[in-house]
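Structure file upload_20.txt with compact mmCIF, C-alpha atoms:
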```
# COMPACT_ATOMS: atom_id res chain seq x y z
CA MET A 1291 0.00 0.00 0.00
CA ASN A 1292 1.52 3.29 -1.11
CA GLU A 1293 -1.03 5.51 0.61
CA PRO A 1294 -0.36 6.74 4.16
CA ILE A 1295 -1.38 4.35 6.89
CA TYR A 1296 -3.22 7.16 8.66
CA LYS A 1297 -5.62 7.49 5.73
CA TYR A 1298 -7.08 4.08 6.61
CA MET A 1299 -6.66 3.71 10.36
CA LYS A 1300 -5.75 5.26 13.68
CA PRO A 1301 -2.75 3.28 14.92
CA GLY A 1302 -3.11 2.77 18.64
CA LEU A 1303 -1.40 1.19 21.63
CA ILE A 1304 -2.86 -0.60 24.62
CA HIS A 1305 -1.15 1.22 27.45
CA PHE A 1306 -1.69 -1.37 30.17
CA MET A 1307 -0.29 -4.21 28.06
CA ALA A 1308 2.78 -2.34 26.84
CA TYR A 1309 3.41 -1.26 30.44
CA PRO A 1310 1.98 -4.18 32.44
CA ALA A 1311 2.98 -2.68 35.79
CA THR A 1312 -0.09 -0.46 35.36
CA MET A 1313 -2.61 -3.24 34.69
CA LYS A 1314 -4.06 -3.28 38.20
CA GLY A 1315 -4.85 0.43 38.08
CA GLU A 1316 -1.72 1.46 39.94
CA GLY A 1317 1.99 1.93 39.23
CA PRO A 1318 3.78 4.33 36.85
CA ILE A 1319 0.65 5.36 34.98
CA VAL A 1320 1.30 9.06 34.42
CA GLU A 1321 4.86 8.71 33.11
CA THR A 1322 4.02 5.82 30.78
CA VAL A 1323 0.88 7.44 29.37
CA ARG A 1324 3.00 10.52 28.70
CA LYS A 1325 5.37 8.40 26.59
CA ILE A 1326 2.48 7.34 24.37
CA VAL A 1327 0.74 10.69 24.00
CA THR A 1328 4.03 12.34 23.03
CA ASP A 1329 4.70 9.73 20.34
CA GLU A 1330 3.20 11.09 17.14
CA TYR A 1331 3.10 7.61 15.59
CA PHE A 1332 0.02 6.83 17.66
CA SER A 1333 -3.39 8.33 16.98
CA ALA A 1334 -5.16 6.28 19.65
CA ILE A 1335 -4.53 4.98 23.14
CA GLU A 1336 -6.34 2.31 25.14
CA ILE A 1337 -6.34 2.69 28.90
CA THR A 1338 -7.89 0.77 31.78
CA TRP A 1339 -8.87 1.54 35.36
CA ILE A 1340 -6.90 4.13 37.28
CA LYS A 1341 -7.69 3.77 40.95
CA ASP A 1342 -6.33 7.09 42.22
CA PRO A 1343 -8.65 10.02 41.32
CA GLU A 1344 -5.72 12.44 41.28
CA VAL A 1345 -3.81 10.25 38.83
CA ARG A 1346 -6.94 9.96 36.68
CA ALA A 1347 -7.17 13.74 36.60
CA GLN A 1348 -3.54 14.03 35.47
CA VAL A 1349 -4.04 11.44 32.75
CA LYS A 1350 -7.31 13.05 31.67
CA LYS A 1351 -5.53 16.37 31.24
CA MET A 1352 -2.87 14.75 29.03
CA LEU A 1353 -5.46 12.93 26.95
CA ASP A 1354 -7.49 16.10 26.46
CA SER A 1355 -4.37 17.82 25.10
CA SER A 1356 -3.21 14.96 22.91
CA HIS A 1357 -5.63 14.94 19.96
CA MET A 1358 -5.83 11.15 20.36
CA THR A 1359 -8.81 8.82 20.29
CA VAL A 1360 -9.25 7.15 23.67
CA ALA A 1361 -10.68 3.68 24.27
CA TYR A 1362 -11.13 1.89 27.58
CA GLY A 1363 -10.30 -1.74 28.26
CA GLY A 1364 -12.41 -3.21 31.03
CA GLN A 1365 -10.74 -6.62 30.72
CA PRO A 1366 -8.29 -6.10 33.64
CA ARG A 1367 -11.24 -5.41 35.94
CA LEU A 1368 -12.23 -9.04 35.38
CA LEU A 1369 -8.93 -10.79 34.70
CA THR A 1370 -7.05 -9.41 37.71
CA THR A 1371 -9.93 -10.04 40.12
CA GLY A 1372 -11.22 -13.42 38.96
CA LEU A 1373 -14.69 -12.06 38.30
CA ASN A 1374 -16.82 -13.62 35.56
CA ILE A 1375 -19.50 -11.68 33.69
CA ASN A 1376 -21.30 -14.89 32.75
CA ASP A 1377 -20.99 -16.46 36.20
CA LEU A 1378 -23.89 -18.84 36.83
CA ASN A 1379 -23.66 -17.84 40.47
CA GLU A 1380 -25.83 -14.72 40.50
CA GLU A 1381 -23.85 -13.02 43.25
CA GLY A 1382 -20.65 -13.46 41.24
CA ARG A 1383 -22.28 -12.23 38.03
CA LEU A 1384 -23.58 -9.11 39.76
CA LYS A 1385 -20.14 -8.34 41.20
CA ALA A 1386 -18.63 -8.58 37.72
CA LEU A 1387 -21.44 -6.47 36.30
CA GLN A 1388 -20.88 -3.78 38.91
CA THR A 1389 -17.15 -3.47 38.28
CA LEU A 1390 -17.82 -3.12 34.54
CA LYS A 1391 -20.45 -0.47 35.21
CA ASP A 1392 -17.88 1.34 37.32
CA GLY A 1393 -15.53 1.00 34.35
CA ILE A 1394 -18.12 2.54 32.03
CA ASP A 1395 -18.39 5.50 34.41
CA GLU A 1396 -14.61 5.88 34.37
CA ALA A 1397 -14.47 5.49 30.60
CA TYR A 1398 -16.92 8.37 30.19
CA GLU A 1399 -14.90 10.41 32.66
CA MET A 1400 -11.77 9.86 30.55
CA GLY A 1401 -13.45 10.70 27.26
CA ALA A 1402 -13.36 7.17 25.81
CA VAL A 1403 -15.28 6.34 22.64
CA GLY A 1404 -15.61 2.66 23.51
CA PHE A 1405 -15.62 0.27 26.45
CA ALA A 1406 -14.32 -3.28 25.94
CA PHE A 1407 -14.70 -6.42 28.04
CA LEU A 1408 -14.52 -10.19 27.63
CA SER A 1409 -16.70 -13.17 28.36
CA GLY A 1410 -15.76 -15.46 31.21
CA LYS A 1411 -14.98 -19.12 31.72
CA TYR A 1412 -17.74 -21.68 31.31
CA GLU A 1413 -18.56 -25.36 31.75
CA GLU A 1414 -19.23 -27.18 28.50
CA ASN A 1415 -22.29 -28.97 29.85
CA ARG A 1416 -23.79 -25.64 30.95
CA LYS A 1417 -22.64 -23.59 27.98
CA GLU A 1418 -26.09 -22.43 26.94
CA GLU A 1419 -26.84 -21.24 30.46
CA ALA A 1420 -23.58 -19.29 30.47
CA TYR A 1421 -24.48 -17.83 27.08
CA HIS A 1422 -27.76 -16.46 28.40
CA ALA A 1423 -26.06 -15.12 31.52
CA LEU A 1424 -23.60 -13.29 29.27
CA LEU A 1425 -26.43 -12.01 27.11
CA LYS A 1426 -28.28 -10.69 30.16
CA SER A 1427 -25.15 -8.95 31.48
CA THR A 1428 -24.18 -7.47 28.12
CA LYS A 1429 -27.62 -6.02 27.48
CA GLU A 1430 -27.52 -4.42 30.91
CA LEU A 1431 -24.09 -2.93 30.15
CA CYS A 1432 -25.32 -1.61 26.80
CA GLY A 1433 -28.36 -0.05 28.43
CA TYR A 1434 -26.24 1.49 31.17
CA ALA A 1435 -23.76 2.95 28.68
CA LYS A 1436 -26.56 4.28 26.46
CA SER A 1437 -28.21 6.01 29.41
CA LYS A 1438 -25.07 8.12 29.87
CA GLY A 1439 -24.10 8.94 26.28
CA ASN A 1440 -23.11 7.35 23.00
CA MET A 1441 -20.10 5.26 24.02
CA ARG A 1442 -19.90 1.85 22.35
CA VAL A 1443 -19.80 -1.41 24.31
CA VAL A 1444 -17.43 -3.96 22.74
CA LEU A 1445 -16.96 -7.66 23.41
CA GLU A 1446 -13.47 -8.91 22.58
CA ILE A 1447 -13.28 -12.42 21.11
CA PHE A 1448 -10.88 -14.65 23.08
CA ASP A 1449 -9.75 -18.28 23.03
CA TYR A 1450 -12.15 -20.88 24.38
CA ASP A 1451 -9.84 -23.72 25.48
CA ILE A 1452 -6.19 -22.63 25.77
CA ASP A 1453 -5.65 -19.75 28.18
CA LYS A 1454 -8.54 -17.42 29.03
CA LYS A 1455 -11.02 -20.17 28.03
CA SER A 1456 -13.73 -17.59 27.40
CA LEU A 1457 -17.25 -18.39 26.29
CA ILE A 1458 -16.90 -16.20 23.17
CA GLY A 1459 -15.34 -17.95 21.43
CA PRO A 1460 -15.22 -18.93 17.75
CA ALA A 1461 -16.55 -16.58 15.06
CA THR A 1462 -19.81 -18.48 14.58
CA LEU A 1463 -20.74 -18.11 18.25
CA ALA A 1464 -19.56 -14.49 18.27
CA LYS A 1465 -21.85 -13.76 15.33
CA ARG A 1466 -24.84 -15.35 17.05
CA PHE A 1467 -24.12 -13.37 20.19
CA ALA A 1468 -23.76 -10.06 18.33
CA GLU A 1469 -27.02 -10.68 16.49
CA ASP A 1470 -28.79 -11.33 19.80
CA VAL A 1471 -27.45 -8.17 21.47
CA ARG A 1472 -27.87 -5.95 18.40
CA SER A 1473 -31.53 -6.94 18.14
CA GLU A 1474 -32.02 -4.69 21.15
CA TYR A 1475 -28.96 -2.43 21.40
CA ASP A 1476 -27.28 -0.67 18.49
CA ASN A 1477 -24.34 0.48 20.64
CA PHE A 1478 -22.80 -3.01 20.76
CA GLY A 1479 -20.03 -4.46 18.62
CA LEU A 1480 -17.28 -7.06 18.46
CA MET A 1481 -13.51 -6.83 18.63
CA VAL A 1482 -11.13 -9.16 16.81
CA ASP A 1483 -7.51 -9.64 17.89
CA LEU A 1484 -4.86 -11.06 15.55
CA SER A 1485 -3.15 -12.75 18.48
CA HIS A 1486 -6.30 -14.69 19.38
CA ILE A 1487 -7.07 -15.95 15.88
CA PRO A 1488 -4.50 -18.81 15.92
CA MET A 1489 -5.69 -19.76 19.41
CA ILE A 1490 -9.22 -20.23 18.08
CA ARG A 1491 -7.77 -22.25 15.18
CA GLU A 1492 -9.20 -19.93 12.54
CA THR A 1493 -7.70 -18.12 9.57
CA CYS A 1494 -8.10 -14.36 9.30
CA GLU A 1495 -10.95 -14.80 6.83
CA GLU A 1496 -12.67 -17.42 8.99
CA ALA A 1497 -12.39 -15.14 12.03
CA ILE A 1498 -13.44 -11.89 10.39
CA LEU A 1499 -15.82 -12.51 7.47
CA PRO A 1500 -18.67 -13.96 9.57
CA ILE A 1501 -18.63 -11.01 11.99
CA LYS A 1502 -17.82 -8.20 9.56
CA ASP A 1503 -21.18 -6.48 10.12
CA TYR A 1504 -20.51 -6.28 13.87
CA LEU A 1505 -16.78 -5.54 13.83
CA VAL A 1506 -16.07 -2.22 15.54
CA HIS A 1507 -12.56 -2.61 16.97
CA ALA A 1508 -9.37 -4.58 16.28
CA HIS A 1509 -6.05 -5.44 17.88
CA MET A 1510 -2.70 -6.58 16.49
CA GLY A 1511 -0.46 -8.96 18.40
CA ASN A 1512 1.32 -12.27 18.65
CA THR A 1513 0.90 -15.55 20.54
CA VAL A 1514 2.85 -18.74 21.24
CA ILE A 1515 0.76 -21.92 21.07
CA LYS A 1516 2.95 -24.51 19.34
CA ASP A 1517 3.65 -26.38 22.56
CA PRO A 1518 2.75 -25.78 26.23
CA SER A 1519 6.43 -26.14 27.08
CA CYS A 1520 7.35 -23.11 24.95
CA VAL A 1521 8.34 -19.86 26.60
CA ALA A 1522 5.43 -17.37 26.64
CA TYR A 1523 2.88 -20.07 25.81
CA GLY A 1524 -0.74 -18.91 25.81
CA ASP A 1525 -2.39 -15.51 25.70
CA THR A 1526 0.70 -13.54 26.73
CA HIS A 1527 0.97 -11.16 23.75
CA PRO A 1528 4.74 -11.34 23.21
CA ARG A 1529 6.42 -9.08 20.67
CA PHE A 1530 6.33 -9.82 16.96
CA GLY A 1531 9.14 -12.20 16.03
CA PHE A 1532 9.14 -13.90 19.44
CA PRO A 1533 10.53 -17.47 19.36
CA ASN A 1534 7.85 -19.98 18.30
CA GLY A 1535 5.36 -17.16 17.81
CA GLU A 1536 2.45 -17.43 15.39
CA ASN A 1537 2.34 -13.88 14.05
CA ASP A 1538 4.91 -11.67 12.35
CA VAL A 1539 4.99 -9.48 9.23
CA ASP A 1540 3.37 -12.00 6.86
CA GLU A 1541 0.47 -12.72 9.21
CA LEU A 1542 -0.10 -9.03 9.85
CA VAL A 1543 -0.18 -8.44 6.07
CA GLU A 1544 -2.97 -11.01 5.74
CA PHE A 1545 -4.85 -9.51 8.70
CA LEU A 1546 -4.69 -6.03 7.16
CA ARG A 1547 -5.79 -7.34 3.76
CA VAL A 1548 -8.89 -8.96 5.25
CA LEU A 1549 -9.70 -5.85 7.30
CA LEU A 1550 -9.48 -3.82 4.09
CA LYS A 1551 -11.60 -6.38 2.24
CA VAL A 1552 -14.49 -6.14 4.70
CA GLY A 1553 -14.26 -2.36 4.88
CA TYR A 1554 -13.07 -2.10 8.46
CA LEU A 1555 -9.99 -0.19 7.30
CA ASN A 1556 -11.38 2.68 5.25
CA THR A 1557 -10.81 6.29 4.27
CA GLU A 1558 -14.27 7.61 5.21
CA ASN A 1559 -14.03 6.90 8.93
CA PRO A 1560 -10.60 5.45 9.80
CA PRO A 1561 -10.98 3.11 12.79
CA VAL A 1562 -8.70 2.36 15.70
CA LEU A 1563 -6.28 -0.53 15.15
CA SER A 1564 -4.16 -1.02 18.26
CA PHE A 1565 -1.07 -2.99 19.16
CA GLU A 1566 -1.55 -5.42 22.01
CA VAL A 1567 2.05 -6.26 22.80
CA LYS A 1568 3.59 -7.02 26.15
CA PRO A 1569 7.25 -7.25 27.17
CA TRP A 1570 8.30 -10.76 28.18
CA GLY A 1571 10.48 -11.13 31.24
CA ASP A 1572 12.91 -8.25 31.51
CA GLU A 1573 12.35 -6.93 27.98
CA ASP A 1574 12.25 -3.14 27.64
CA PRO A 1575 8.67 -2.03 26.90
CA ASP A 1576 9.87 0.81 24.69
CA ILE A 1577 11.85 -1.57 22.48
CA VAL A 1578 8.82 -3.88 22.19
CA ILE A 1579 6.73 -0.88 21.12
CA ALA A 1580 9.34 0.17 18.54
CA ASN A 1581 9.35 -3.42 17.24
CA ALA A 1582 5.57 -3.25 16.72
CA LYS A 1583 5.75 0.01 14.81
CA ARG A 1584 8.42 -1.36 12.50
CA VAL A 1585 6.36 -4.50 11.84
CA LEU A 1586 3.24 -2.50 10.99
CA ASN A 1587 5.16 -0.15 8.69
CA LEU A 1588 6.65 -3.12 6.83
CA ALA A 1589 3.37 -5.01 6.67
CA TRP A 1590 1.51 -1.95 5.38
CA SER A 1591 4.08 -1.52 2.61
CA ARG A 1592 3.23 -5.08 1.46
CA VAL A 1593 -0.57 -4.88 1.61
```
What would the structure in this file look like if it were written as structure tokens?
Amino acid sequence: MNEPIYKYMKPGLIHFMAYPATMKGEGPIVETVRKIVTDEYFSAIEITWIKDPEVRAQVKKMLDSSHMTVAYGGQPRLLTTGLNINDLNEEGRLKALQTLKDGIDEAYEMGAVGFAFLSGKYEENRKEEAYHALLKSTKELCGYAKSKGNMRVVLEIFDYDIDKKSLIGPATLAKRFAEDVRSEYDNFGLMVDLSHIPMIRETCEEAILPIKDYLVHAHMGNTVIKDPSCVAYGDTHPRFGFPNGENDVDELVEFLRVLLKVGYLNTENPPVLSFEVKPWGDEDPDIVIANAKRVLNLAWSRV
């Protein structure tokens, strides 16, 4: 592709993955957000909970000055606490629902355009029950978000049997779920992540084409799933080119081509396409981020 990347997308970075010390809503949040908002490569940033109101205010001020699109990832509110939004125990489901509602409040406070979350673990013999619990929770989240503004609620598609073992799931189930939610709420959509596609054992076309009408957000990343004994096995989002990794330049080229094919990447309303990369071990986060930018630049030149 000879045209500028920014004509078709808003390259973004997931702050709390690139700087995982901030994932629990604490740590060096202000200084690491500043690194991203002062990097002109990025047009978007994805943040998560920030527990200290004073720190939130500092970050909010930077974001307001940055001319960046802001999205909010509610996933850490579930993954770091063990809460499950499709918990068949009603008390557990309501606790998960409440933390995500709190996240929606915070997302509005920070000026986010979208709020993302993930489905929880499930038992195969009670899968349909879990599905309806998720549907009930998601509709309540969509209604809550709609009552406060026009922020989009987004379910990210995860693996169903390797690491997160989330209910949603393969593309066919994701499509069914999106159809069910959209029948009542137009502020709902799906997110696809390149790093999760190999974990679901789908190709880019198999993962994206069925859900193209509901696709509102996308992530770029890598995963290691060749063997459980491999370093960084599972949903750990190592850098591109990581040993035994599934995704590098060629796979990102294919991902971009399919996103262009379905119209997700477009010149009328360029969407957010964010890196979800995480330093492994003692790797320098800033080098991992530079790696990702180089990979995207090279992949874009080959699309």
Check your understanding: Which polymer residues have any atom within 10 Å of an atom of His1527 (chain A), counting all atoms listed in the file, with same-chain residues fewer than 4 positions away left out, as a list in words?
Key -> Met1307, Ala1308, Ser1485, His1486, Met1510, Gly1511, Asn1512, Thr1513, Val1514, Ala1522, Tyr1523, Phe1532, Gly1535, Phe1565, Glu1566, Val1567, Lys1568, Pro1569 and Trp1570 of chain A
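Within the 10 Å cut-off around Asp1576 (chain A), using all atoms listed in the file and omitting residues fewer than 6 positions from it on the same chain, the listed residues are Ala1308, Tyr1309, Thr1322, Lys1325, Ile1326, Pro1569 and Ala1582 of chain A.
Omitting Gly1302 (chain A) and its sequence neighbours fewer than 6 positions away, and counting only C-alpha atoms, the residues within 10 Å are A:Ile1326, A:Tyr1331, A:Phe1332, A:Ser1333, A:Ala1334, A:Ile1335, A:Glu1336, A:Met1358, A:Thr1359, A:Val1360, A:Ala1361, A:Ala1508, A:His1509, A:Met1510, A:Pro1561, A:Val1562, A:Leu1563, A:Ser1564, A:Phe1565, A:Glu1566.
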For region 1370-1389 of chain A, take all atoms listed in the file, fit an axis-aligned box around them, add 4 Å to each of the six sides, then output centre and edge lengths in Å rounded to one decimal, as JSON.
```
{"center_x": -16.4, "center_y": -11.2, "center_z": 38.0, "size_x": 26.8, "size_y": 23.4, "size_z": 18.5}
```
Point to revise | Selection: 12 Å around Thr1370 (chain A), all atoms listed in the file, excl. self and same-chain fewer than 2 positions, as a ChimeraX atom specification | key: /A:1310,1312-1315,1338-1339,1364-1368,1372-1374,1386,1389,1454
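What separates CA of Tyr1362 (chain A) from CA of Asn1477 (chain A) is a distance of 15.0 Å.
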Practice item. Tell me, as a VMD selection string, which residues lie within 12 Å of Lys1551 (chain A), counting only C-alpha atoms; anything in the same chain fewer than 6 positions away does not count. Key: chain A and resid 1494 to 1495 1498 to 1499 1502 1544 to 1545 1593
At a cut-off of 10 Å from (-22.6, 0.3, 26.4) in the coordinates of the file, what residues are picked up using all atoms listed in the file, written as a short mmCIF file (atom, residue, chain, number, x, y, z; two decimals) with C-alpha atoms, in the coordinates of the input?
```cif
data_model
loop_
_atom_site.label_atom_id
_atom_site.label_comp_id
_atom_site.auth_asym_id
_atom_site.auth_seq_id
_atom_site.Cartn_x
_atom_site.Cartn_y
_atom_site.Cartn_z
CA LYS A 1391 -20.45 -0.47 35.21
CA ILE A 1394 -18.12 2.54 32.03
CA GLY A 1404 -15.61 2.66 23.51
CA PHE A 1405 -15.62 0.27 26.45
CA ALA A 1406 -14.32 -3.28 25.94
CA THR A 1428 -24.18 -7.47 28.12
CA LYS A 1429 -27.62 -6.02 27.48
CA GLU A 1430 -27.52 -4.42 30.91
CA LEU A 1431 -24.09 -2.93 30.15
CA CYS A 1432 -25.32 -1.61 26.80
CA GLY A 1433 -28.36 -0.05 28.43
CA TYR A 1434 -26.24 1.49 31.17
CA ALA A 1435 -23.76 2.95 28.68
CA LYS A 1436 -26.56 4.28 26.46
CA SER A 1437 -28.21 6.01 29.41
CA LYS A 1438 -25.07 8.12 29.87
CA GLY A 1439 -24.10 8.94 26.28
CA ASN A 1440 -23.11 7.35 23.00
CA MET A 1441 -20.10 5.26 24.02
CA ARG A 1442 -19.90 1.85 22.35
CA VAL A 1443 -19.80 -1.41 24.31
CA VAL A 1444 -17.43 -3.96 22.74
CA TYR A 1475 -28.96 -2.43 21.40
CA ASP A 1476 -27.28 -0.67 18.49
CA ASN A 1477 -24.34 0.48 20.64
CA PHE A 1478 -22.80 -3.01 20.76
CA GLY A 1479 -20.03 -4.46 18.62
#
```
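Among the candidate residues A:Lys1455, A:Asp1470, A:Pro1575, A:Ser1427, the one lying nearest to Glu1414 (chain A) is A:Lys1455, with distances computed using all atoms listed in the file.
CA of Ser1356 (chain A) is found 5.9 Å from CA of Val1327 (chain A).
The closest residue to Arg1529 (chain A), picked from A:Val1323, A:Val1349, A:Val1578, A:Leu1588 and counting only C-alpha atoms, is A:Val1578.
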Point to revise | Answer as a count of residues only, residues within 7 Å of (-3.5, -19.0, 29.6) using only C-alpha atoms | key: 5
